[in-house]
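> I have a structure here, written as structure tokens, and I will follow up with some questions on it.
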Amino acid sequence: MSKKVAIIEGMTCGHCEGAVTKSLTELGNLTDIQVSSDAGTAQFIGEVTEQDLAAAIDDAGYRLVSLSNE
Ligand SMILES: [Cu+2]
């Protein structure tokens, strides 16, 4: 399983980090989820399509800018 890095727009505080973490957790198959509002990133291990990830982040109220392998 490769480590992925998502660039996310719109997070400003710990509450945002919590909301994104919850959304990514609910996808069910991602582990080691680490979200940083300072960096504007979410790092995790697991497979997810960019489309599914974008939908989950959108549900939380933020926007996926890009998804890449670390
Ligand atoms: Cu916030």
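Ordering of the structure tokens sets the chain letters (A, B, ...), residue numbers begin anew at 1 in every chain, and ligands are numbered from 1 in the order given.
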Run DSSP on the backbone and give me the residues of chain A it puts in helix (DSSP H, G or I), as a ChimeraX atom specification.
/A:14-26,50-60
> Kindly save the residues from that selection, with N, CA and C atoms included, as a PDB file, in the first residue's frame.

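And here's selection.pdb as it stands now:
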```
ATOM      1  N   GLY A  14      -8.287  23.236  13.766  1.00  0.00           N
ATOM      2  CA  GLY A  14      -8.415  21.861  14.218  1.00  0.00           C
ATOM      3  C   GLY A  14      -9.774  21.264  13.934  1.00  0.00           C
ATOM      4  N   HIS A  15     -10.797  22.105  13.950  1.00  0.00           N
ATOM      5  CA  HIS A  15     -12.134  21.610  13.624  1.00  0.00           C
ATOM      6  C   HIS A  15     -12.176  21.097  12.189  1.00  0.00           C
ATOM      7  N   CYS A  16     -11.566  21.850  11.285  1.00  0.00           N
ATOM      8  CA  CYS A  16     -11.500  21.438   9.876  1.00  0.00           C
ATOM      9  C   CYS A  16     -10.760  20.115   9.752  1.00  0.00           C
ATOM     10  N   GLU A  17      -9.644  19.999  10.468  1.00  0.00           N
ATOM     11  CA  GLU A  17      -8.870  18.757  10.430  1.00  0.00           C
ATOM     12  C   GLU A  17      -9.742  17.581  10.874  1.00  0.00           C
ATOM     13  N   GLY A  18     -10.524  17.811  11.939  1.00  0.00           N
ATOM     14  CA  GLY A  18     -11.395  16.764  12.454  1.00  0.00           C
ATOM     15  C   GLY A  18     -12.459  16.367  11.458  1.00  0.00           C
ATOM     16  N   ALA A  19     -13.023  17.359  10.768  1.00  0.00           N
ATOM     17  CA  ALA A  19     -14.082  17.085   9.793  1.00  0.00           C
ATOM     18  C   ALA A  19     -13.540  16.283   8.619  1.00  0.00           C
ATOM     19  N   VAL A  20     -12.352  16.646   8.141  1.00  0.00           N
ATOM     20  CA  VAL A  20     -11.746  15.928   7.012  1.00  0.00           C
ATOM     21  C   VAL A  20     -11.334  14.519   7.441  1.00  0.00           C
ATOM     22  N   THR A  21     -10.761  14.420   8.648  1.00  0.00           N
ATOM     23  CA  THR A  21     -10.363  13.106   9.162  1.00  0.00           C
ATOM     24  C   THR A  21     -11.563  12.174   9.248  1.00  0.00           C
ATOM     25  N   LYS A  22     -12.675  12.697   9.741  1.00  0.00           N
ATOM     26  CA  LYS A  22     -13.901  11.900   9.871  1.00  0.00           C
ATOM     27  C   LYS A  22     -14.379  11.419   8.496  1.00  0.00           C
ATOM     28  N   SER A  23     -14.400  12.337   7.538  1.00  0.00           N
ATOM     29  CA  SER A  23     -14.846  11.983   6.187  1.00  0.00           C
ATOM     30  C   SER A  23     -13.967  10.915   5.555  1.00  0.00           C
ATOM     31  N   LEU A  24     -12.655  11.063   5.721  1.00  0.00           N
ATOM     32  CA  LEU A  24     -11.738  10.082   5.124  1.00  0.00           C
ATOM     33  C   LEU A  24     -11.851   8.739   5.846  1.00  0.00           C
ATOM     34  N   THR A  25     -12.058   8.792   7.169  1.00  0.00           N
ATOM     35  CA  THR A  25     -12.229   7.557   7.936  1.00  0.00           C
ATOM     36  C   THR A  25     -13.462   6.803   7.452  1.00  0.00           C
ATOM     37  N   GLU A  26     -14.508   7.547   7.128  1.00  0.00           N
ATOM     38  CA  GLU A  26     -15.767   6.925   6.704  1.00  0.00           C
ATOM     39  C   GLU A  26     -15.664   6.248   5.339  1.00  0.00           C
ATOM     40  N   GLU A  50      -9.448   9.383  -7.119  1.00  0.00           N
ATOM     41  CA  GLU A  50      -9.473  10.823  -6.901  1.00  0.00           C
ATOM     42  C   GLU A  50     -10.921  11.317  -6.812  1.00  0.00           C
ATOM     43  N   GLN A  51     -11.792  10.692  -7.583  1.00  0.00           N
ATOM     44  CA  GLN A  51     -13.209  11.066  -7.601  1.00  0.00           C
ATOM     45  C   GLN A  51     -13.878  10.795  -6.246  1.00  0.00           C
ATOM     46  N   ASP A  52     -13.633   9.604  -5.688  1.00  0.00           N
ATOM     47  CA  ASP A  52     -14.217   9.259  -4.391  1.00  0.00           C
ATOM     48  C   ASP A  52     -13.657  10.143  -3.275  1.00  0.00           C
ATOM     49  N   LEU A  53     -12.360  10.413  -3.348  1.00  0.00           N
ATOM     50  CA  LEU A  53     -11.733  11.261  -2.340  1.00  0.00           C
ATOM     51  C   LEU A  53     -12.283  12.686  -2.415  1.00  0.00           C
ATOM     52  N   ALA A  54     -12.420  13.194  -3.638  1.00  0.00           N
ATOM     53  CA  ALA A  54     -12.951  14.539  -3.832  1.00  0.00           C
ATOM     54  C   ALA A  54     -14.366  14.645  -3.263  1.00  0.00           C
ATOM     55  N   ALA A  55     -15.174  13.601  -3.462  1.00  0.00           N
ATOM     56  CA  ALA A  55     -16.554  13.589  -2.965  1.00  0.00           C
ATOM     57  C   ALA A  55     -16.576  13.610  -1.439  1.00  0.00           C
ATOM     58  N   ALA A  56     -15.688  12.816  -0.820  1.00  0.00           N
ATOM     59  CA  ALA A  56     -15.632  12.758   0.644  1.00  0.00           C
ATOM     60  C   ALA A  56     -15.206  14.105   1.226  1.00  0.00           C
ATOM     61  N   ILE A  57     -14.238  14.735   0.599  1.00  0.00           N
ATOM     62  CA  ILE A  57     -13.739  16.021   1.085  1.00  0.00           C
ATOM     63  C   ILE A  57     -14.791  17.112   0.858  1.00  0.00           C
ATOM     64  N   ASP A  58     -15.464  17.019  -0.275  1.00  0.00           N
ATOM     65  CA  ASP A  58     -16.541  17.955  -0.574  1.00  0.00           C
ATOM     66  C   ASP A  58     -17.665  17.840   0.458  1.00  0.00           C
ATOM     67  N   ASP A  59     -17.993  16.605   0.864  1.00  0.00           N
ATOM     68  CA  ASP A  59     -19.015  16.373   1.889  1.00  0.00           C
ATOM     69  C   ASP A  59     -18.652  17.068   3.199  1.00  0.00           C
ATOM     70  N   ALA A  60     -17.357  17.101   3.504  1.00  0.00           N
ATOM     71  CA  ALA A  60     -16.896  17.741   4.732  1.00  0.00           C
ATOM     72  C   ALA A  60     -16.887  19.263   4.607  1.00  0.00           C
TER      73      ALA A  60
END
```
> Go through A:Val65, A:Ile8, A:Ile33, A:Cys13 one by one, measure the shortest atom-to-atom distance of each to ligand 1 using only C-alpha atoms and all ligand atoms, and give the residue with the smallest value.
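Among A:Val65, A:Ile8, A:Ile33, A:Cys13, it is A:Cys13 that comes nearest to ligand 1.
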> Could you name the residues that touch Ile7 of chain A at 7 Å or less, counting only C-alpha atoms, but leaving out those on the same chain fewer than 5 positions away, as a short mmCIF file (atom, residue, chain, number, x, y, z; two decimals) with C-alpha atoms, in the first residue's frame?

```
data_model
loop_
_atom_site.label_atom_id
_atom_site.label_comp_id
_atom_site.auth_asym_id
_atom_site.auth_seq_id
_atom_site.Cartn_x
_atom_site.Cartn_y
_atom_site.Cartn_z
CA GLY A 40 -3.37 22.07 3.76
CA THR A 41 -2.81 18.35 3.35
CA ALA A 42 -4.17 14.94 4.23
CA LEU A 64 -9.57 18.49 -3.14
CA VAL A 65 -6.90 20.22 -5.20
CA SER A 66 -4.71 17.24 -6.01
CA LEU A 67 -3.92 13.67 -5.03
#
```
> Do you have the atom CA of Lys3 of chain A-atom CA of Asn69 of chain A distance handy?
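Pair atom CA of Lys3 of chain A / atom CA of Asn69 of chain A returns 6.0 Å.
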> Using only C-alpha atoms, can you tell me which of A:Val35, A:Ala6, A:Met11, A:Leu30 comes closest to Glu47 of chain A?
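For Glu47 of chain A, the nearest of the given residues is A:Leu30.
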> By how many Å are atom CA of Gln43 of chain A and atom CA of Tyr62 of chain A apart?
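Rounded to one decimal, the two atoms are 15.4 Å apart.
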